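Undergrad: Sharing my_file34.txt below, compact mmCIF, C-alpha atoms:
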```txt
# COMPACT_ATOMS: atom_id res chain seq x y z
CA MET J 26 0.00 0.00 0.00
CA LYS J 27 1.15 3.54 -0.75
CA GLN J 28 0.20 6.37 1.61
CA TYR J 29 -0.60 9.97 0.63
CA HIS J 30 -1.38 13.12 2.59
CA CYS J 31 -4.64 14.67 1.45
CA THR J 32 -2.90 17.98 0.71
CA GLU J 33 -0.52 16.41 -1.83
CA GLN J 34 -1.11 16.65 -5.55
CA PRO J 35 -3.33 15.51 -7.22
CA PHE J 36 -5.73 15.41 -4.22
CA GLU J 37 -8.12 18.35 -4.00
CA VAL J 38 -9.34 19.94 -0.75
CA CYS J 39 -12.61 21.87 -1.14
CA GLY J 40 -14.57 24.12 1.19
CA LEU J 41 -11.61 25.33 3.27
CA TYR J 42 -9.29 28.33 3.14
CA SER J 43 -6.61 26.56 1.15
CA PRO J 44 -3.65 28.92 1.80
CA LEU J 45 -3.63 27.63 5.40
CA LEU J 46 -3.11 24.02 4.33
CA PRO J 47 -1.48 21.58 4.95
CA SER J 48 -1.47 22.05 8.73
CA ARG J 49 -4.62 24.10 9.38
CA PHE J 50 -7.95 22.92 8.03
CA TRP J 51 -9.75 26.21 8.63
CA ARG J 52 -12.72 27.92 6.97
CA LEU J 53 -11.58 31.53 7.37
CA PRO J 54 -8.21 33.22 6.80
CA GLU J 55 -6.14 33.87 9.90
CA GLU J 56 -6.51 37.66 9.68
CA MET J 57 -10.31 37.29 9.79
CA LEU J 58 -10.08 35.44 13.11
CA GLN J 59 -8.78 38.63 14.69
CA ARG J 60 -11.76 40.64 13.43
CA VAL J 61 -14.72 38.38 14.21
CA SER J 62 -16.26 37.35 17.52
CA PRO J 63 -14.56 34.67 19.64
CA GLY J 64 -17.47 32.34 18.87
CA VAL J 65 -16.97 32.63 15.11
CA ALA J 66 -13.19 32.36 15.45
CA GLY J 67 -13.52 29.24 17.60
CA ARG J 68 -15.80 27.49 15.12
CA ALA J 69 -13.93 28.60 11.99
CA ILE J 70 -10.96 26.35 12.81
CA HIS J 71 -13.22 23.29 12.47
CA PRO J 72 -13.50 21.90 8.92
CA ALA J 73 -17.31 21.63 8.63
CA GLY J 74 -18.21 21.28 4.96
CA GLY J 75 -14.62 20.56 3.93
CA ARG J 76 -14.04 17.75 1.45
CA VAL J 77 -11.09 15.79 0.08
CA ARG J 78 -11.62 14.63 -3.51
CA PHE J 79 -9.65 12.45 -5.95
CA ARG J 80 -9.94 9.66 -8.51
CA THR J 81 -8.30 6.26 -8.29
CA ASP J 82 -8.47 2.77 -9.74
CA SER J 83 -7.25 1.18 -6.51
CA PRO J 84 -9.64 -1.68 -5.56
CA THR J 85 -8.89 -1.09 -1.87
CA VAL J 86 -8.78 2.32 -0.22
CA THR J 87 -8.04 3.24 3.39
CA VAL J 88 -8.92 6.65 4.80
CA ARG J 89 -7.21 7.57 8.07
CA THR J 90 -8.10 10.81 9.89
CA GLN J 91 -6.05 12.34 12.68
CA LEU J 92 -7.95 14.76 14.93
CA ARG J 93 -6.59 17.35 17.34
CA THR J 94 -9.75 17.24 19.45
CA ASN J 95 -12.53 14.75 20.17
CA VAL J 96 -15.18 16.14 22.51
CA VAL J 97 -18.54 14.66 23.51
CA ASP J 98 -21.52 16.42 21.91
CA TRP J 99 -24.72 15.51 23.74
CA ALA J 100 -26.89 15.80 20.61
CA ILE J 101 -24.63 14.36 17.89
CA PRO J 102 -23.25 10.81 17.73
CA LEU J 103 -19.53 10.24 17.31
CA SER J 104 -20.04 9.53 13.61
CA GLY J 105 -21.53 12.99 13.15
CA SER J 106 -19.21 15.01 15.37
CA ALA J 107 -15.85 13.36 14.60
CA GLY J 108 -16.47 11.14 11.58
CA ALA J 109 -15.33 11.58 7.98
CA ASP J 110 -18.00 10.36 5.54
CA VAL J 111 -16.78 8.68 2.34
CA TYR J 112 -18.61 8.34 -1.00
CA ILE J 113 -17.65 6.70 -4.30
CA GLY J 114 -18.68 8.06 -7.71
CA ARG J 115 -20.44 11.22 -8.82
CA ASP J 116 -23.69 12.51 -10.32
CA THR J 117 -26.41 9.84 -10.11
CA PHE J 118 -23.90 7.05 -9.52
CA VAL J 119 -22.81 8.02 -6.00
CA ARG J 120 -22.67 5.20 -3.45
CA TYR J 121 -21.79 5.21 0.23
CA ALA J 122 -18.48 3.65 1.32
CA GLY J 123 -18.64 4.22 5.10
CA VAL J 124 -17.41 6.58 7.78
CA ALA J 125 -13.92 6.92 9.27
CA THR J 126 -14.70 7.49 12.95
CA PRO J 127 -12.74 7.14 16.19
CA ARG J 128 -13.90 4.10 18.16
CA ASP J 129 -14.53 6.20 21.27
CA TYR J 130 -13.90 9.66 22.73
CA GLU J 131 -10.48 8.62 24.00
CA SER J 132 -9.23 8.14 20.45
CA LYS J 133 -8.36 10.82 17.90
CA THR J 134 -7.88 8.52 14.92
CA GLY J 135 -10.58 7.38 12.51
CA ILE J 136 -9.97 4.55 10.04
CA LEU J 137 -12.09 3.23 7.18
CA THR J 138 -11.00 0.58 4.67
CA PHE J 139 -13.33 -0.19 1.78
CA GLU J 140 -13.32 -1.94 -1.56
CA LYS J 141 -14.38 -0.50 -4.89
CA LYS J 142 -14.26 -1.34 -8.57
CA LYS J 143 -10.83 -1.70 -10.14
CA MET J 144 -11.46 1.26 -12.40
CA MET J 145 -11.02 5.01 -12.14
CA GLU J 146 -13.71 6.32 -9.81
CA ASP J 147 -14.17 9.55 -7.89
CA ILE J 148 -13.83 9.50 -4.09
CA THR J 149 -15.20 12.24 -1.83
CA ILE J 150 -14.31 12.43 1.87
CA HIS J 151 -16.58 14.74 3.89
CA LEU J 152 -14.51 16.07 6.79
CA PRO J 153 -15.71 16.12 10.43
CA ARG J 154 -18.05 18.88 11.59
CA ASN J 155 -17.11 19.37 15.23
CA GLU J 156 -13.44 18.61 15.67
CA GLU J 157 -10.16 20.26 14.78
CA LEU J 158 -8.39 18.24 12.11
CA GLU J 159 -4.66 17.56 11.91
CA ASP J 160 -4.36 15.35 8.82
CA VAL J 161 -6.10 12.95 6.45
CA LEU J 162 -4.08 10.08 5.03
CA ILE J 163 -5.17 7.99 2.06
CA GLU J 164 -3.71 4.54 1.40
CA LEU J 165 -3.97 2.99 -2.07
CA GLU J 166 -2.75 -0.33 -3.43
CA ASP J 167 0.74 -0.38 -4.94
CA GLY J 168 0.72 0.29 -8.68
CA SER J 169 -2.71 1.94 -8.67
CA ARG J 170 -3.30 5.27 -10.33
CA VAL J 171 -4.46 8.43 -8.60
CA GLU J 172 -5.47 11.67 -10.31
CA ALA J 173 -7.39 14.89 -9.77
CA PRO J 174 -11.15 14.47 -9.27
CA SER J 175 -13.75 15.08 -11.94
CA PRO J 176 -14.57 18.79 -11.79
CA TYR J 177 -17.81 19.91 -10.22
CA LEU J 178 -20.52 20.84 -12.70
CA ILE J 179 -20.82 24.14 -10.76
CA LYS J 180 -17.21 25.07 -10.05
CA ARG J 181 -17.67 28.38 -8.23
CA PRO J 182 -18.83 27.45 -4.73
CA MET J 183 -22.20 28.10 -3.20
CA VAL J 184 -21.60 29.96 0.08
CA PHE J 185 -23.81 29.24 3.10
CA TYR J 186 -23.81 31.55 6.13
CA GLY J 187 -25.67 30.75 9.31
CA SER J 188 -26.05 28.92 12.60
CA SER J 189 -25.29 25.47 14.01
CA ILE J 190 -28.02 24.17 11.70
CA THR J 191 -26.14 25.51 8.68
CA GLU J 192 -22.96 24.04 10.14
CA GLY J 193 -24.56 20.58 10.17
CA GLY J 194 -25.95 20.05 13.66
CA CYS J 195 -27.30 17.52 14.39
CA ALA J 196 -26.79 15.19 11.43
CA THR J 197 -25.55 11.70 12.29
CA ARG J 198 -22.95 11.97 9.51
CA ALA J 199 -21.28 14.97 7.88
CA ALA J 200 -22.71 14.25 4.42
CA ASN J 201 -26.29 14.26 5.77
CA ALA J 202 -26.27 18.02 6.45
CA TYR J 203 -28.56 19.92 4.09
CA THR J 204 -25.61 21.84 2.65
CA ALA J 205 -23.79 18.61 1.72
CA LEU J 206 -26.93 17.04 0.25
CA LEU J 207 -27.49 20.08 -1.96
CA SER J 208 -23.87 19.98 -3.09
CA LYS J 209 -24.21 16.32 -4.07
CA TRP J 210 -27.54 16.73 -5.88
CA LEU J 211 -26.41 19.85 -7.79
CA ASP J 212 -22.83 18.59 -8.36
CA ALA J 213 -21.67 21.92 -6.95
CA ASP J 214 -18.75 23.02 -4.80
CA TYR J 215 -19.68 24.84 -1.59
CA LEU J 216 -18.30 26.71 1.42
CA ASN J 217 -19.99 26.23 4.81
CA LEU J 218 -19.78 29.37 6.92
CA GLY J 219 -22.11 28.08 9.62
CA PHE J 220 -20.88 29.09 13.10
CA SER J 221 -22.70 27.39 15.95
CA GLY J 222 -24.32 29.93 18.28
CA SER J 223 -22.31 32.77 16.77
CA ALA J 224 -23.66 33.85 13.35
CA ARG J 225 -25.16 37.24 14.15
CA GLY J 226 -24.96 39.17 10.90
CA GLU J 227 -21.62 40.83 11.59
CA THR J 228 -20.54 43.54 9.13
CA GLU J 229 -17.02 42.06 8.97
CA LEU J 230 -18.38 38.75 7.71
CA ALA J 231 -20.75 40.42 5.24
CA GLU J 232 -17.80 42.30 3.75
CA TYR J 233 -15.70 39.13 3.64
CA ILE J 234 -18.46 37.08 2.02
CA GLY J 235 -19.03 39.85 -0.50
CA SER J 236 -15.39 39.53 -1.57
CA LEU J 237 -15.66 35.81 -2.38
CA GLU J 238 -16.03 34.30 -5.81
CA MET J 239 -19.23 32.25 -5.63
CA SER J 240 -22.13 30.92 -7.68
CA ALA J 241 -24.81 31.72 -5.07
CA PHE J 242 -25.15 32.95 -1.50
CA ILE J 243 -27.54 31.36 1.02
CA CYS J 244 -28.25 33.47 4.12
CA ASP J 245 -29.49 31.38 7.06
CA TYR J 246 -28.57 33.08 10.35
CA ASP J 247 -32.07 33.75 11.74
CA HIS J 248 -31.64 31.20 14.54
CA ASN J 249 -28.51 32.86 15.98
CA ALA J 250 -29.88 36.40 16.20
CA PRO J 251 -30.36 36.73 19.99
CA HIS J 252 -33.71 38.51 19.61
CA ALA J 253 -35.96 39.97 16.93
CA GLU J 254 -34.62 43.50 17.42
CA HIS J 255 -31.08 42.32 16.67
CA LEU J 256 -32.31 40.52 13.56
CA GLU J 257 -34.14 43.63 12.39
CA ASN J 258 -31.05 45.80 12.93
CA THR J 259 -28.68 43.47 11.07
CA HIS J 260 -30.50 41.38 8.47
CA GLU J 261 -31.17 43.88 5.71
CA PRO J 262 -27.82 45.68 6.17
CA PHE J 263 -26.06 42.30 5.95
CA PHE J 264 -27.89 41.52 2.71
CA ARG J 265 -27.26 44.99 1.28
CA THR J 266 -23.52 44.79 1.98
CA ILE J 267 -23.23 41.59 -0.06
CA ARG J 268 -25.56 42.84 -2.77
CA ALA J 269 -23.54 46.05 -3.15
CA ALA J 270 -20.37 43.99 -3.61
CA GLN J 271 -21.99 41.59 -6.13
CA PRO J 272 -25.01 43.16 -7.86
CA ASP J 273 -25.81 40.11 -10.01
CA LEU J 274 -25.20 37.33 -7.49
CA PRO J 275 -28.12 34.92 -6.90
CA ILE J 276 -29.02 35.22 -3.20
CA LEU J 277 -31.36 32.94 -1.25
CA ILE J 278 -32.72 34.09 2.12
CA LEU J 279 -34.05 31.51 4.59
CA SER J 280 -35.96 31.84 7.84
CA LYS J 281 -35.31 29.29 10.57
CA PRO J 282 -36.77 25.77 10.50
CA ASP J 283 -37.27 25.47 14.28
CA PHE J 284 -40.62 27.23 14.06
CA ASP J 285 -42.82 25.27 16.45
CA LEU J 286 -41.23 25.86 19.87
CA ASP J 287 -42.07 29.59 19.94
CA ARG J 288 -44.38 30.34 17.05
CA GLU J 289 -45.11 33.97 17.97
CA ASN J 290 -41.40 34.84 18.01
CA ALA J 291 -40.83 32.80 14.84
CA TRP J 292 -43.60 34.70 13.04
CA LEU J 293 -42.01 38.01 14.04
CA ARG J 294 -38.59 36.92 12.83
CA ARG J 295 -40.03 35.62 9.58
CA ARG J 296 -41.69 38.98 8.90
CA ILE J 297 -38.34 40.73 9.38
CA ILE J 298 -36.57 38.38 6.97
CA TYR J 299 -39.41 38.54 4.47
CA GLN J 300 -39.18 42.34 4.58
CA THR J 301 -35.53 42.19 3.49
CA TRP J 302 -36.61 40.14 0.47
CA ASP J 303 -39.66 42.29 -0.24
CA ASN J 304 -37.66 45.54 -0.09
CA ALA J 305 -35.05 44.12 -2.44
CA ARG J 306 -37.70 43.03 -4.93
CA ALA J 307 -39.43 46.41 -4.68
CA SER J 308 -36.13 48.11 -5.55
CA GLY J 309 -35.86 46.04 -8.73
CA ASP J 310 -33.68 43.13 -7.52
CA ARG J 311 -34.78 40.05 -9.50
CA ASN J 312 -32.02 37.74 -8.29
CA VAL J 313 -33.04 37.40 -4.65
CA TYR J 314 -35.18 34.52 -3.36
CA PHE J 315 -36.93 33.66 -0.09
CA ILE J 316 -37.98 30.34 1.50
CA ASP J 317 -40.15 30.27 4.61
CA GLY J 318 -38.47 28.01 7.19
CA GLU J 319 -41.84 26.85 8.51
CA SER J 320 -42.22 24.88 5.27
CA PHE J 321 -39.04 22.83 5.71
CA PHE J 322 -40.35 20.03 7.92
CA GLY J 323 -43.63 19.52 6.06
CA GLU J 324 -47.01 18.93 7.64
CA ARG J 325 -46.74 15.41 9.10
CA GLU J 326 -44.53 14.30 12.00
CA ARG J 327 -42.74 17.63 12.20
CA GLU J 328 -41.38 16.78 15.65
CA ALA J 329 -39.65 13.72 14.14
CA CYS J 330 -37.42 16.08 12.14
CA THR J 331 -35.34 17.36 15.06
CA VAL J 332 -33.21 16.11 17.92
CA ASP J 333 -34.42 18.67 20.45
CA GLY J 334 -37.22 20.62 18.79
CA CYS J 335 -34.59 22.85 17.17
CA HIS J 336 -31.67 21.09 15.50
CA PRO J 337 -32.59 18.89 12.52
CA ASN J 338 -31.75 15.21 12.51
CA ASP J 339 -31.15 13.34 9.24
CA LEU J 340 -34.85 13.39 8.37
CA GLY J 341 -35.07 17.12 9.05
CA PHE J 342 -32.04 17.86 6.91
CA MET J 343 -33.39 15.71 4.08
CA ARG J 344 -36.69 17.62 4.13
CA MET J 345 -34.81 20.93 4.19
CA ALA J 346 -32.67 19.93 1.22
CA GLU J 347 -35.69 18.68 -0.73
CA THR J 348 -37.41 22.05 -0.22
CA ILE J 349 -34.37 24.16 -1.10
CA TYR J 350 -33.14 22.07 -4.05
CA PRO J 351 -35.63 23.20 -6.75
CA VAL J 352 -35.12 26.86 -5.81
CA LEU J 353 -31.30 26.60 -5.96
CA LYS J 354 -31.51 24.64 -9.20
CA ARG J 355 -33.55 27.45 -10.75
CA MET J 356 -31.23 30.11 -9.31
CA LEU J 357 -28.18 28.39 -10.76
CA ASP J 358 -29.94 27.59 -14.03
CA CYS J 359 -28.82 23.97 -13.99
```
Can the structure from this file be put into structure tokens for me?

TA:
Amino acid sequence: MKQYHCTEQPFEVCGLYSPLLPSRFWRLPEEMLQRVSPGVAGRAIHPAGGRVRFRTDSPTVTVRTQLRTNVVDWAIPLSGSAGADVYIGRDTFVRYAGVATPRDYESKTGILTFEKKKMMEDITIHLPRNEELEDVLIELEDGSRVEAPSPYLIKRPMVFYGSSITEGGCATRAANAYTALLSKWLDADYLNLGFSGSARGETELAEYIGSLEMSAFICDYDHNAPHAEHLENTHEPFFRTIRAAQPDLPILILSKPDFDLDRENAWLRRRIIYQTWDNARASGDRNVYFIDGESFFGEREREACTVDGCHPNDLGFMRMAETIYPVLKRMLDC
């Protein structure tokens, strides 16, 4: 077997701030960490939404992750907090290979060995949501070929900004987050700027997001605004900052899915978010879209869609992705 580091050529790391590789699998540049809140800075050094991609004809593949941290999360199983999800293939031919997960919270190493066809196939490794990552090693059989992955159909990434829900909590595996599902279904690269408990519509992040090259922006921070007044004071200015930087960018605005625990407050927040969309449309913006978060979980068994009445489980994320998918597909014209 021959061993490779995931940051070697021809392996491709997506969804992270690549200039910090190979030692720091972070989602924001180091200078941004000095400008944002401690909560955002603390979450940005976790590789949620990051992926390692490549093609190989090796019939046996081993993925070995080395974590810097491995902390118990009461609402997410080990596979979802510290596991690296692995898929084979692309487009409609994607199949699940397994998850490289530490055996317990005392370990910081995850290992997955799987077999595949002895032909060139794409491999995608979805990196852990919760934990700091030190390295990902890939072992392939001697004499096998390895090359760069097939390019995404949508090469410029979709950028998601929001709360712990955006970040992927509480999916049982990284690839079950609604952001990852949408990426797979659309064959699109993406950047996950979900910051658990800390996405509050900061001007610094709006300016940073506005500077990024992207195919679409999805704004989903309703849940982290501490109260409706904060949301009203920040939501439209946040949108306008990004719109001023990129006048033609498709932008999708979401209200929160955890609607049922406090419906009166959720209605108020939804009106604020809807007003941002309505004002933009009234000013002539035809590339801004809105989805009501109350619609995400459907009409039947809504409580079955969350872990705690708030954070979606796998069913909740699937229903979210199914609702968002046709809108994003239309926005991206694909």

Undergrad: Within 8 Å of J:Thr191, counting all atoms listed in the file, which residues qualify if same-chain residues fewer than 4 places away don't, as a PDB file with C-alpha atoms, in the frame of the given file?

TA:
```
ATOM      1  CA  PHE J 185     -23.810  29.240   3.100  1.00  0.00           C
ATOM      2  CA  TYR J 186     -23.810  31.550   6.130  1.00  0.00           C
ATOM      3  CA  GLY J 187     -25.670  30.750   9.310  1.00  0.00           C
ATOM      4  CA  ALA J 202     -26.270  18.020   6.450  1.00  0.00           C
ATOM      5  CA  TYR J 203     -28.560  19.920   4.090  1.00  0.00           C
ATOM      6  CA  THR J 204     -25.610  21.840   2.650  1.00  0.00           C
ATOM      7  CA  ASN J 217     -19.990  26.230   4.810  1.00  0.00           C
ATOM      8  CA  LEU J 218     -19.780  29.370   6.920  1.00  0.00           C
ATOM      9  CA  GLY J 219     -22.110  28.080   9.620  1.00  0.00           C
ATOM     10  CA  PHE J 220     -20.880  29.090  13.100  1.00  0.00           C
ATOM     11  CA  ASP J 245     -29.490  31.380   7.060  1.00  0.00           C
TER      12      ASP J 245
END
```

Undergrad: Do a neighbour search on stretch 49-66 of chain J at 10 Å with all atoms listed in the file, toss out local chain neighbours closer than 3 positions, and write the hits as a VMD selection string.

TA: chain J and resid 38 40 to 46 69 to 75 152 157 to 160 216 to 225 227 to 230 233

Undergrad: Let me make sure I understand: among J:Tyr246, J:Trp302, J:Tyr130, J:Tyr314, which one has the smallest atom-to-atom distance to J:Lys281 if we use only C-alpha atoms?

TA: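 The shortest atom-to-atom distance to J:Lys281 comes from J:Tyr246.
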
Undergrad: For atom CA of J:Ala173 and atom CA of J:Phe79, quote the distance in Å rounded to one decimal.

TA: 5.1 Å

Undergrad: So what do you get for atom CA of J:Tyr177 versus atom CA of J:Asp214, distance-wise?

TA: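 About the pair atom CA of J:Tyr177 and atom CA of J:Asp214: they are 6.3 Å apart.
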
Undergrad: Atom CA of J:Phe315 to atom CA of J:Ile278: how many Å, to one decimal?

TA: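 We find that atom CA of J:Phe315 and atom CA of J:Ile278 lie 4.8 Å from each other.
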
Undergrad: Which residues, written as JSON, numbers by chain, have at least one atom at most 12 Å from stretch 336-343 of chain J, with all atoms listed in the file counted and residues fewer than 4 positions away on the same chain left out?

TA: {"J": [100, 101, 102, 105, 188, 189, 190, 191, 192, 193, 194, 195, 196, 197, 198, 199, 200, 201, 202, 203, 204, 205, 206, 207, 210, 221, 222, 248, 281, 282, 283, 284, 285, 286, 318, 319, 320, 321, 322, 323, 325, 326, 327, 328, 329, 330, 331, 332, 347, 348, 349, 350]}

Undergrad: Using all atoms listed in the file, can you list as a list of chain:residue names the residues within 12 Å of (-1.8, 2.6, -7.9)?

TA: J:Met26, J:Lys27, J:Gln28, J:Tyr29, J:Arg80, J:Thr81, J:Asp82, J:Ser83, J:Pro84, J:Thr85, J:Val86, J:Lys143, J:Met144, J:Met145, J:Ile163, J:Glu164, J:Leu165, J:Glu166, J:Asp167, J:Gly168, J:Ser169, J:Arg170, J:Val171, J:Glu172

Undergrad: Working from the structure I just supplied, which lacks atoms in stretch 168-189 of chain J, can you model N, CA and C atoms there and output them as a PDB file, in the frame of the given file?

TA:
```
ATOM      1  N   GLY J 168       0.918   0.369  -7.236  1.00  0.00           N
ATOM      2  CA  GLY J 168       0.720   0.290  -8.680  1.00  0.00           C
ATOM      3  C   GLY J 168      -0.586   0.901  -9.160  1.00  0.00           C
ATOM      4  N   SER J 169      -1.450   1.331  -8.249  1.00  0.00           N
ATOM      5  CA  SER J 169      -2.710   1.940  -8.670  1.00  0.00           C
ATOM      6  C   SER J 169      -2.486   3.391  -9.073  1.00  0.00           C
ATOM      7  N   ARG J 170      -3.396   3.886  -9.874  1.00  0.00           N
ATOM      8  CA  ARG J 170      -3.300   5.270 -10.330  1.00  0.00           C
ATOM      9  C   ARG J 170      -4.135   6.178  -9.421  1.00  0.00           C
ATOM     10  N   VAL J 171      -3.688   7.423  -9.316  1.00  0.00           N
ATOM     11  CA  VAL J 171      -4.460   8.430  -8.600  1.00  0.00           C
ATOM     12  C   VAL J 171      -4.345   9.724  -9.387  1.00  0.00           C
ATOM     13  N   GLU J 172      -5.463  10.429  -9.534  1.00  0.00           N
ATOM     14  CA  GLU J 172      -5.470  11.670 -10.310  1.00  0.00           C
ATOM     15  C   GLU J 172      -6.475  12.640  -9.715  1.00  0.00           C
ATOM     16  N   ALA J 173      -6.459  13.855 -10.249  1.00  0.00           N
ATOM     17  CA  ALA J 173      -7.390  14.890  -9.770  1.00  0.00           C
ATOM     18  C   ALA J 173      -8.832  14.441  -9.990  1.00  0.00           C
ATOM     19  N   PRO J 174      -9.755  14.895  -9.141  1.00  0.00           N
ATOM     20  CA  PRO J 174     -11.150  14.470  -9.270  1.00  0.00           C
ATOM     21  C   PRO J 174     -11.814  15.068 -10.506  1.00  0.00           C
ATOM     22  N   SER J 175     -12.916  14.456 -10.903  1.00  0.00           N
ATOM     23  CA  SER J 175     -13.750  15.080 -11.940  1.00  0.00           C
ATOM     24  C   SER J 175     -14.210  16.435 -11.431  1.00  0.00           C
ATOM     25  N   PRO J 176     -14.165  17.470 -12.273  1.00  0.00           N
ATOM     26  CA  PRO J 176     -14.570  18.790 -11.790  1.00  0.00           C
ATOM     27  C   PRO J 176     -16.053  18.851 -11.471  1.00  0.00           C
ATOM     28  N   TYR J 177     -16.400  19.663 -10.504  1.00  0.00           N
ATOM     29  CA  TYR J 177     -17.810  19.910 -10.220  1.00  0.00           C
ATOM     30  C   TYR J 177     -18.479  20.529 -11.440  1.00  0.00           C
ATOM     31  N   LEU J 178     -19.748  20.197 -11.642  1.00  0.00           N
ATOM     32  CA  LEU J 178     -20.520  20.840 -12.700  1.00  0.00           C
ATOM     33  C   LEU J 178     -20.593  22.347 -12.442  1.00  0.00           C
ATOM     34  N   ILE J 179     -20.809  22.722 -11.159  1.00  0.00           N
ATOM     35  CA  ILE J 179     -20.820  24.140 -10.760  1.00  0.00           C
ATOM     36  C   ILE J 179     -19.541  24.367  -9.968  1.00  0.00           C
ATOM     37  N   LYS J 180     -18.554  24.984 -10.622  1.00  0.00           N
ATOM     38  CA  LYS J 180     -17.210  25.070 -10.050  1.00  0.00           C
ATOM     39  C   LYS J 180     -17.084  26.170  -9.000  1.00  0.00           C
ATOM     40  N   ARG J 181     -17.720  27.326  -9.239  1.00  0.00           N
ATOM     41  CA  ARG J 181     -17.670  28.380  -8.230  1.00  0.00           C
ATOM     42  C   ARG J 181     -18.564  27.972  -7.067  1.00  0.00           C
ATOM     43  N   PRO J 182     -18.071  28.026  -5.851  1.00  0.00           N
ATOM     44  CA  PRO J 182     -18.830  27.450  -4.730  1.00  0.00           C
ATOM     45  C   PRO J 182     -20.083  28.232  -4.371  1.00  0.00           C
ATOM     46  N   MET J 183     -21.099  27.498  -3.938  1.00  0.00           N
ATOM     47  CA  MET J 183     -22.200  28.100  -3.200  1.00  0.00           C
ATOM     48  C   MET J 183     -21.663  28.434  -1.812  1.00  0.00           C
ATOM     49  N   VAL J 184     -22.050  29.572  -1.258  1.00  0.00           N
ATOM     50  CA  VAL J 184     -21.600  29.960   0.080  1.00  0.00           C
ATOM     51  C   VAL J 184     -22.803  30.036   0.998  1.00  0.00           C
ATOM     52  N   PHE J 185     -22.753  29.265   2.094  1.00  0.00           N
ATOM     53  CA  PHE J 185     -23.810  29.240   3.100  1.00  0.00           C
ATOM     54  C   PHE J 185     -23.315  29.969   4.347  1.00  0.00           C
ATOM     55  N   TYR J 186     -24.140  30.869   4.884  1.00  0.00           N
ATOM     56  CA  TYR J 186     -23.810  31.550   6.130  1.00  0.00           C
ATOM     57  C   TYR J 186     -24.954  31.365   7.115  1.00  0.00           C
ATOM     58  N   GLY J 187     -24.615  30.917   8.336  1.00  0.00           N
ATOM     59  CA  GLY J 187     -25.670  30.750   9.310  1.00  0.00           C
ATOM     60  C   GLY J 187     -25.231  30.103  10.599  1.00  0.00           C
ATOM     61  N   SER J 188     -26.158  29.403  11.226  1.00  0.00           N
ATOM     62  CA  SER J 188     -26.050  28.920  12.600  1.00  0.00           C
ATOM     63  C   SER J 188     -25.500  27.502  12.674  1.00  0.00           C
ATOM     64  N   SER J 189     -25.676  26.867  13.833  1.00  0.00           N
ATOM     65  CA  SER J 189     -25.290  25.470  14.010  1.00  0.00           C
ATOM     66  C   SER J 189     -26.046  24.565  13.045  1.00  0.00           C
TER      67      SER J 189
END
```
